[in-house]
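Step one of this worksheet: look at the structure below.
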Amino acid sequence: MIKKNRSNKRWLQEHLHDPFVKQAQKDNFRSRAAYKLQEIDQDHRLVHPGQLIVELGSAPGAWSQYVVRRLGSDASGALRGQVIALDLLPMEPVDGVQFLQGDFREPEVLQRLEALLGGRRVDLVLSDMAPNLSGIASADAARVEHLADLALDFAVNWLGDDGALLIKTFHSGFFSQIVARYKQHFGSVRTLKPKASRERSAEVFVLARQPKAHAAES
């Protein structure tokens, strides 16, 4: 218990002095996670006006906020694009974002999401999904791999020819398998560690582009 309390206190001190936390408060972002996506977007030009974007694991909504700001509005005030966000947890509304609450692992929830797409191809899939960790390394690694596979399956089925998939995942026993599986379906797969991702964190981002299935069909 003492060790846990010390760990919590250390995390709180780190959080309070984190420059990205302070910047998020100034920029009115719901979490510092917005700057992870911002850096990746600036480096790789993922978000463009007119896109249809699906975000998996969207709560509390910082990525949704960033995407909406990047898409911008037309003269009538309408969002220049469409954003559909999904999470198991509730999320406070973000103007311009269609939000679905539900477990992406359940077929019924996936069907609701697909119904919103109306058969249209997606330009960008973002996944910030993270599993509840048990502390058992093998079980946690399997959960991480499962979420990566779910995002991949959705992207393979719904991305357009020039679509991209960006996921947050974690270095674990299955990380190399995750990357290898993504390379089976995309011509370009890169692993990224933005500055806003804490160095001691095991999180890493995988950016996949050039869907191979579409290239084979053309």
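In the structure tokens, each chain is lettered A, B, ... as it comes, each chain's residues begin at 1, and ligands are numbered from 1 in order of appearance.
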
I'd like the contact shell of stretch 91-98 of chain A - 7 Å cut-off, only C-alpha atoms, skipping same-chain residues fewer than 2 positions apart - returned as a compact mmCIF listing (two decimals) with N, CA and C atoms, in the first residue's frame.
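The result, stored in out_31.txt:
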# COMPACT_ATOMS: atom_id res chain seq x y z
N ALA A 59 -13.24 8.67 -25.83
CA ALA A 59 -13.36 9.41 -24.57
C ALA A 59 -11.97 9.69 -23.99
N PRO A 60 -11.76 10.86 -23.39
CA PRO A 60 -12.74 11.91 -23.07
C PRO A 60 -13.04 12.88 -24.21
N GLY A 61 -12.34 12.77 -25.34
CA GLY A 61 -12.69 13.57 -26.49
C GLY A 61 -11.64 14.53 -27.01
N GLN A 65 -11.80 16.68 -30.46
CA GLN A 65 -11.66 18.13 -30.48
C GLN A 65 -10.61 18.57 -31.50
N VAL A 68 -11.86 18.04 -35.17
CA VAL A 68 -12.87 19.02 -35.56
C VAL A 68 -12.22 20.37 -35.87
N LEU A 79 -19.46 21.61 -40.29
CA LEU A 79 -18.14 20.98 -40.29
C LEU A 79 -17.77 20.54 -41.70
N VAL A 83 -17.19 13.30 -38.66
CA VAL A 83 -16.45 12.57 -37.64
C VAL A 83 -17.42 11.71 -36.85
N ILE A 84 -17.14 10.42 -36.79
CA ILE A 84 -17.93 9.48 -35.99
C ILE A 84 -17.00 8.92 -34.93
N ALA A 85 -17.39 9.06 -33.67
CA ALA A 85 -16.55 8.61 -32.55
C ALA A 85 -17.30 7.56 -31.75
N LEU A 89 -17.01 4.15 -22.80
CA LEU A 89 -17.35 5.12 -21.77
C LEU A 89 -18.15 6.28 -22.36
N LEU A 100 -21.12 7.43 -30.59
CA LEU A 100 -21.80 6.19 -30.23
C LEU A 100 -21.15 5.63 -28.97

Run DSSP on the backbone and tell me which residues of stretch 58-166 of chain A come out as strand (DSSP E or B); list them as a PyMOL selection string. chain A and resi 73+79+82-87+97-101+122-127+159-166

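Nearest residue to A:Leu46 among A:Val21, A:Val125, A:Lys168, A:Lys195 is A:Val125, counting only C-alpha atoms.
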
Which residues of stretch 19-124 of chain A come within 12 Å of stretch 183-192 of chain A, and for each one, what is the closest pair of atoms and their distance in Å to one decimal, counting only C-alpha atoms, sorted by chain and residue number, as JSON lines?
{"residue": "A:Lys36", "atom": "CA", "partner": "A:Leu192", "partner_atom": "CA", "distance": 9.9}
{"residue": "A:Leu37", "atom": "CA", "partner": "A:Leu192", "partner_atom": "CA", "distance": 10.7}
{"residue": "A:Glu39", "atom": "CA", "partner": "A:Leu192", "partner_atom": "CA", "distance": 10.1}
{"residue": "A:Ile40", "atom": "CA", "partner": "A:Leu192", "partner_atom": "CA", "distance": 7.9}
{"residue": "A:Asp41", "atom": "CA", "partner": "A:Leu192", "partner_atom": "CA", "distance": 11.5}
{"residue": "A:Asp43", "atom": "CA", "partner": "A:Leu192", "partner_atom": "CA", "distance": 10.5}
{"residue": "A:His44", "atom": "CA", "partner": "A:Arg190", "partner_atom": "CA", "distance": 10.7}

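One distance worth recording is that between atom CA of A:Phe205 and atom CA of A:Asn157, which is 20.8 Å.
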
I'd like the contact shell of A:Glu203 - 8 Å cut-off, only C-alpha atoms, skipping same-chain residues fewer than 4 positions apart - returned as an NGL selection string. :A and (168-171 or 193 or 197)

Keeping N, CA and C atoms for every residue in the selection just given, could you write it to a file as a compact mmCIF listing (two decimals), in the first residue's frame?
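Once everything was written out, this is selection_32.txt:
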# COMPACT_ATOMS: atom_id res chain seq x y z
N LYS A 168 -3.09 3.59 -31.27
CA LYS A 168 -2.21 3.53 -30.10
C LYS A 168 -2.16 2.09 -29.64
N THR A 169 -0.96 1.60 -29.41
CA THR A 169 -0.81 0.26 -28.86
C THR A 169 0.32 0.31 -27.83
N PHE A 170 0.81 -0.83 -27.43
CA PHE A 170 1.83 -0.86 -26.38
C PHE A 170 2.89 -1.91 -26.72
N HIS A 171 4.11 -1.62 -26.34
CA HIS A 171 5.17 -2.62 -26.48
C HIS A 171 4.84 -3.77 -25.54
N LYS A 193 6.60 7.60 -31.87
CA LYS A 193 6.58 7.93 -30.45
C LYS A 193 6.63 9.46 -30.34
N SER A 197 4.04 11.80 -25.71
CA SER A 197 3.96 10.47 -25.08
C SER A 197 5.12 10.34 -24.10

Once DSSP has gone over the backbone, tell me which residues of stretch 44-183 of chain A are in helix (DSSP H, G or I), as a VMD selection string. chain A and resid 44 62 to 71 107 to 117 137 to 158 175 to 183

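The two atoms in question, atom CA of A:Asp18 and atom CA of A:Leu165, are spaced 28.3 Å apart.
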